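Enquirer: Pasting final-v8.txt here (compact mmCIF, C-alpha atoms):
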```txt
# COMPACT_ATOMS: atom_id res chain seq x y z
CA ASP P 1 -10.44 -12.31 2.75
CA SER P 2 -7.76 -14.98 2.38
CA GLY P 3 -5.77 -13.82 5.39
CA VAL P 4 -2.79 -12.82 3.22
CA THR P 5 -2.52 -9.04 2.98
CA GLN P 6 -0.72 -7.29 0.19
CA THR P 7 -0.10 -3.58 -0.12
CA PRO P 8 -0.40 -1.52 -2.16
CA LYS P 9 -3.21 -2.92 -4.31
CA HIS P 10 -2.31 -0.67 -7.21
CA LEU P 11 0.84 1.23 -8.00
CA ILE P 12 1.70 3.42 -10.97
CA THR P 13 5.24 4.60 -11.39
CA ALA P 14 7.76 5.61 -14.04
CA THR P 15 10.63 3.78 -15.63
CA GLY P 16 13.82 3.86 -13.62
CA GLN P 17 12.01 4.14 -10.30
CA ARG P 18 12.07 1.79 -7.33
CA VAL P 19 9.06 0.35 -5.51
CA THR P 20 8.47 -1.88 -2.52
CA LEU P 21 5.63 -4.35 -2.30
CA ARG P 22 4.62 -5.64 1.09
CA CYS P 23 3.05 -8.89 2.20
CA SER P 24 1.72 -10.05 5.54
CA PRO P 25 1.23 -13.82 5.58
CA ARG P 26 -1.74 -15.62 7.03
CA SER P 27 -1.51 -15.98 10.79
CA GLY P 28 0.66 -18.97 11.68
CA ASP P 29 2.19 -19.36 8.22
CA LEU P 30 5.98 -19.34 8.11
CA SER P 31 6.56 -19.60 4.35
CA VAL P 32 6.12 -16.73 1.93
CA TYR P 33 6.25 -17.02 -1.85
CA TRP P 34 6.38 -14.24 -4.46
CA TYR P 35 5.04 -14.64 -7.99
CA GLN P 36 4.86 -12.37 -11.01
CA GLN P 37 1.98 -12.63 -13.45
CA SER P 38 2.03 -10.58 -16.62
CA LEU P 39 -1.17 -10.04 -18.57
CA ASP P 40 -2.71 -13.33 -19.70
CA GLN P 41 0.35 -15.24 -18.61
CA GLY P 42 1.00 -17.94 -16.06
CA LEU P 43 2.60 -17.54 -12.68
CA GLN P 44 6.31 -16.84 -12.70
CA PHE P 45 7.90 -17.96 -9.43
CA LEU P 46 10.29 -15.37 -8.05
CA ILE P 47 11.39 -16.37 -4.57
CA GLN P 48 10.39 -18.25 -1.41
CA TYR P 49 11.21 -17.60 2.23
CA TYR P 50 10.72 -19.79 5.23
CA ASN P 51 10.90 -18.30 8.73
CA GLY P 52 13.18 -15.49 7.60
CA GLU P 53 15.51 -17.54 5.45
CA GLU P 54 15.57 -17.75 1.67
CA ARG P 55 14.35 -21.23 0.71
CA ALA P 56 14.18 -21.21 -3.09
CA LYS P 57 14.84 -18.82 -5.93
CA GLY P 58 13.19 -18.73 -9.31
CA ASN P 59 13.80 -16.49 -12.28
CA ILE P 60 14.15 -13.37 -10.20
CA LEU P 61 15.97 -10.50 -11.88
CA GLU P 62 19.00 -8.97 -10.23
CA ARG P 63 17.06 -5.68 -10.08
CA PHE P 64 14.60 -7.41 -7.76
CA SER P 65 15.25 -8.38 -4.16
CA ALA P 66 13.19 -9.60 -1.27
CA GLN P 67 13.39 -10.38 2.38
CA GLN P 68 11.30 -11.80 5.18
CA PHE P 69 11.42 -10.02 8.49
CA PRO P 70 11.34 -11.45 12.04
CA ASP P 71 7.61 -10.72 12.27
CA LEU P 72 7.29 -12.86 9.10
CA HIS P 73 6.06 -10.13 6.81
CA SER P 74 7.91 -9.92 3.53
CA GLU P 75 8.86 -7.17 1.12
CA LEU P 76 9.68 -7.38 -2.57
CA ASN P 77 11.84 -4.56 -3.85
CA LEU P 78 11.82 -3.76 -7.56
CA SER P 79 14.38 -1.25 -8.80
CA SER P 80 15.37 0.39 -12.10
CA LEU P 81 11.88 -0.39 -13.28
CA GLU P 82 11.23 -1.14 -16.94
CA LEU P 83 7.99 -1.19 -18.91
CA GLY P 84 8.14 -4.99 -18.94
CA ASP P 85 7.95 -5.11 -15.16
CA SER P 86 4.30 -4.08 -15.34
CA ALA P 87 2.47 -7.06 -13.89
CA LEU P 88 0.42 -8.42 -11.05
CA TYR P 89 2.64 -9.48 -8.18
CA PHE P 90 1.25 -12.13 -5.90
CA CYS P 91 2.34 -13.08 -2.46
CA ALA P 92 1.29 -16.45 -1.08
CA SER P 93 1.88 -18.06 2.27
CA SER P 94 1.82 -21.57 3.66
CA PRO P 95 2.50 -23.15 7.03
CA GLY P 96 5.82 -24.51 5.76
CA GLY P 97 7.84 -27.00 7.73
CA GLY P 98 8.40 -29.51 4.97
CA ALA P 99 5.29 -31.60 5.53
CA GLY P 100 4.29 -31.07 1.92
CA ALA P 101 0.63 -30.88 2.82
CA ASN P 102 0.73 -27.16 2.86
CA VAL P 103 -1.80 -25.35 0.77
CA LEU P 104 -0.71 -22.01 -0.63
CA THR P 105 -3.01 -19.15 0.30
CA PHE P 106 -2.72 -16.20 -2.05
CA GLY P 107 -3.11 -12.52 -1.42
CA ALA P 108 -5.15 -10.35 -3.78
CA GLY P 109 -2.01 -9.14 -5.55
CA SER P 110 -0.32 -5.82 -6.15
CA ARG P 111 -0.87 -4.45 -9.63
CA LEU P 112 2.19 -2.55 -10.82
CA THR P 113 2.04 -0.30 -13.86
CA VAL P 114 5.27 1.18 -15.14
CA LEU P 115 4.83 4.11 -17.54
CA ALA V 1 13.20 -31.70 -14.20
CA GLN V 2 9.95 -31.25 -12.36
CA THR V 3 7.26 -29.94 -14.63
CA VAL V 4 3.51 -29.55 -14.92
CA THR V 5 1.85 -29.64 -18.33
CA GLN V 6 -1.63 -28.39 -19.07
CA SER V 7 -2.18 -29.29 -22.69
CA GLN V 8 -5.39 -27.30 -23.19
CA PRO V 9 -4.63 -23.57 -23.32
CA GLU V 10 -8.30 -22.68 -23.71
CA MET V 11 -11.69 -24.43 -23.57
CA SER V 12 -15.33 -23.47 -23.92
CA VAL V 13 -18.38 -25.39 -22.77
CA GLN V 14 -22.06 -24.69 -22.41
CA GLU V 15 -23.52 -23.99 -19.01
CA ALA V 16 -24.64 -27.15 -17.18
CA GLU V 17 -22.29 -29.38 -19.15
CA THR V 18 -19.45 -31.38 -17.67
CA VAL V 19 -15.89 -30.44 -18.57
CA THR V 20 -12.55 -32.06 -17.85
CA LEU V 21 -9.28 -30.17 -17.68
CA SER V 22 -6.16 -32.23 -18.14
CA CYS V 23 -2.90 -32.02 -16.23
CA THR V 24 0.20 -34.16 -16.33
CA TYR V 25 3.28 -33.73 -14.25
CA ASP V 26 6.75 -35.12 -13.94
CA THR V 27 8.66 -35.77 -10.75
CA SER V 28 10.87 -38.49 -9.39
CA GLU V 29 9.54 -37.90 -5.89
CA ASN V 30 7.06 -40.32 -4.38
CA ASN V 31 5.47 -38.05 -1.79
CA TYR V 32 3.83 -34.89 -3.01
CA TYR V 33 0.55 -33.04 -3.09
CA LEU V 34 -1.48 -31.91 -6.06
CA PHE V 35 -3.69 -28.87 -6.39
CA TRP V 36 -6.03 -27.11 -8.73
CA TYR V 37 -6.30 -23.35 -8.35
CA LYS V 38 -8.85 -21.13 -10.04
CA GLN V 39 -8.25 -17.54 -11.11
CA PRO V 40 -11.51 -15.79 -12.09
CA PRO V 41 -11.56 -12.42 -13.86
CA SER V 42 -11.00 -10.76 -10.48
CA ARG V 43 -7.55 -12.41 -10.67
CA GLN V 44 -7.74 -13.70 -7.12
CA MET V 45 -6.13 -17.15 -6.83
CA ILE V 46 -8.52 -19.59 -5.18
CA LEU V 47 -7.86 -23.17 -4.17
CA VAL V 48 -10.35 -25.50 -5.85
CA ILE V 49 -9.23 -28.93 -4.70
CA ARG V 50 -6.20 -30.81 -3.44
CA GLN V 51 -5.06 -34.43 -3.50
CA GLU V 52 -2.47 -36.28 -1.45
CA ALA V 53 -0.38 -38.50 -3.71
CA TYR V 54 -0.39 -41.33 -1.20
CA LYS V 55 -4.18 -41.54 -1.28
CA GLN V 56 -5.75 -43.62 -4.01
CA GLN V 57 -9.20 -42.19 -3.49
CA ASN V 58 -9.92 -39.25 -5.75
CA ALA V 59 -10.69 -35.97 -4.01
CA THR V 60 -14.11 -34.36 -4.44
CA GLU V 61 -15.39 -30.91 -3.54
CA ASN V 62 -19.03 -30.46 -4.47
CA ARG V 63 -19.14 -30.17 -8.30
CA PHE V 64 -15.36 -30.50 -8.59
CA SER V 65 -13.59 -33.84 -8.64
CA VAL V 66 -10.26 -35.14 -9.78
CA ASN V 67 -9.09 -38.22 -11.61
CA PHE V 68 -5.69 -38.98 -10.13
CA GLN V 69 -3.61 -41.58 -11.92
CA LYS V 70 -0.30 -41.76 -10.06
CA ALA V 71 1.43 -44.21 -12.36
CA ALA V 72 0.53 -42.11 -15.38
CA LYS V 73 1.31 -38.89 -13.48
CA SER V 74 -2.02 -37.49 -14.47
CA PHE V 75 -4.29 -35.25 -12.41
CA SER V 76 -7.36 -34.08 -14.31
CA LEU V 77 -10.11 -31.86 -12.95
CA LYS V 78 -13.75 -32.55 -13.70
CA ILE V 79 -16.34 -29.83 -13.28
CA SER V 80 -19.91 -31.11 -13.27
CA ASP V 81 -22.99 -29.00 -13.98
CA SER V 82 -20.76 -26.10 -14.97
CA GLN V 83 -21.89 -22.61 -14.03
CA LEU V 84 -21.13 -19.18 -15.43
CA GLY V 85 -19.13 -18.44 -12.29
CA ASP V 86 -16.75 -21.24 -13.19
CA THR V 87 -15.35 -19.09 -15.98
CA ALA V 88 -11.71 -18.65 -14.99
CA MET V 89 -8.12 -19.64 -15.60
CA TYR V 90 -7.37 -22.95 -13.93
CA PHE V 91 -3.87 -23.84 -12.76
CA CYS V 92 -2.67 -27.30 -11.86
CA ALA V 93 0.21 -27.56 -9.38
CA PHE V 94 2.11 -30.01 -7.24
CA MET V 95 4.05 -29.46 -4.05
CA LEU V 96 7.00 -31.46 -2.82
CA ARG V 97 7.91 -32.18 0.77
CA ASP V 98 10.35 -29.25 0.82
CA ASP V 99 7.41 -26.93 0.07
CA LYS V 100 8.60 -26.30 -3.48
CA ILE V 101 5.53 -25.88 -5.65
CA ILE V 102 5.40 -26.14 -9.43
CA PHE V 103 2.53 -24.59 -11.41
CA GLY V 104 1.34 -25.35 -14.91
CA LYS V 105 0.74 -22.58 -17.44
CA GLY V 106 -3.01 -22.73 -16.99
CA THR V 107 -6.17 -23.52 -18.95
CA ARG V 108 -8.58 -20.70 -19.68
CA LEU V 109 -12.12 -22.01 -19.31
CA HIS V 110 -15.16 -20.20 -20.70
CA ILE V 111 -18.62 -21.25 -19.59
CA LEU V 112 -21.12 -20.14 -22.23
CA PRO V 113 -24.74 -19.23 -21.40
```
Go ahead and render the structure in this file as structure tokens.
Expert:
Amino acid sequence: DSGVTQTPKHLITATGQRVTLRCSPRSGDLSVYWYQQSLDQGLQFLIQYYNGEERAKGNILERFSAQQFPDLHSELNLSSLELGDSALYFCASSPGGGAGANVLTFGAGSRLTVL
Amino acid sequence: AQTVTQSQPEMSVQEAETVTLSCTYDTSENNYYLFWYKQPPSRQMILVIRQEAYKQQNATENRFSVNFQKAAKSFSLKISDSQLGDTAMYFCAFMLRDDKIIFGKGTRLHILP
């Protein structure tokens, strides 16, 4: 157990639907990162939050949005789902704070299948 | 632009052999941290080793070691006495002081019995 909790582990839904993926960071970590990994592909950076504020944005589609709440958990919302959104979505957390020595700890991922 | 390049998409070695995975990166920053992550078939991302750029001594974790060449912006991973459980995708990454982290596209490593 890495300490980063992601729910749900698996999700099957239909095109056009909306889903929410949830992440609880490791205790004490203030930064949360979201990544998308399609089958046999690398990690696509979506977005990063630090202590509730958006810190960096990657190639995140307009249909996707995220936020980090005061208790530091984060949610990734995916709407108007398309077949191509089927992927493994990772959340990772780090202590943050700009020291640069912060190791990313990954959750087990949420596997989304869009039919 | 800050990039990480892993030039070997896929590699195969026999069990017990030594294998080196290459990684080069590009940044104008002077202070950063380098990492190797492993993703086995379970798809869990696991930290293998990390290196502080200001340290000249190469990091070592049991059978895993790195060859860090700062001037050449090279950060290769050596796996000694490879085991079947080392079969995984390996990602090289570096993190800047603002916590921005850049990943390479990965090298898929097969350890053959």
Enquirer: Tell me, as a PyMOL selection string, which residues lie within 7 Å of region 50-59 of chain V, counting only C-alpha atoms; anything in the same chain fewer than 4 positions away does not count.
Expert: chain V and resi 31-36+65-68
Enquirer: Any idea what's packed within 12 Å of region 59-69 of chain P, counting only C-alpha atoms, ignoring anything in its chain fewer than 4 positions away? Could you give it as a count of residues only?
Expert: 44
Enquirer: Enter the distance from CA of Ser74 (chain V) to CA of Arg43 (chain V), in Å, rounded to one decimal.
Expert: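 If I compute the distance from CA of Ser74 (chain V) to CA of Arg43 (chain V), I get 26.0 Å.
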Enquirer: At most 9 Å from (-1.8, -20.9, -16.7), file frame, only C-alpha atoms: which residues, as a PyMOL selection string?
Expert: (chain P and resi 40-43) or (chain V and resi 6+9+89-92+103-108)
Enquirer: For a test of reading the model, state the distance in Å between CA of Asp98 (chain V) and CA of Gly28 (chain P), rounded to one decimal.
Expert: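 Taking CA of Asp98 (chain V) and CA of Gly28 (chain P), their separation equals 17.8 Å.
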Enquirer: Report, in Å to a single decimal, how far apart CA of Ser76 (chain V) and CA of Val4 (chain V) are.
Expert: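 It comes out at 11.8 Å.
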Enquirer: Could you work out which residues of chain V fall inside 6 Å of chain P? Count only C-alpha atoms, and format the result as a list in words.
Expert: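 Those within range of chain P come out as Gln44, Met45, Leu96, Arg97, Asp98, Asp99 and Lys105 of chain V.
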Enquirer: Nearest to Ile101 (chain V) among P:Gly58, P:Leu39, P:Ile12, P:Arg26, with distances taken over all atoms listed in the file: which residue is it?
Expert: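 Closest to Ile101 (chain V), using all atoms listed in the file: P:Gly58.
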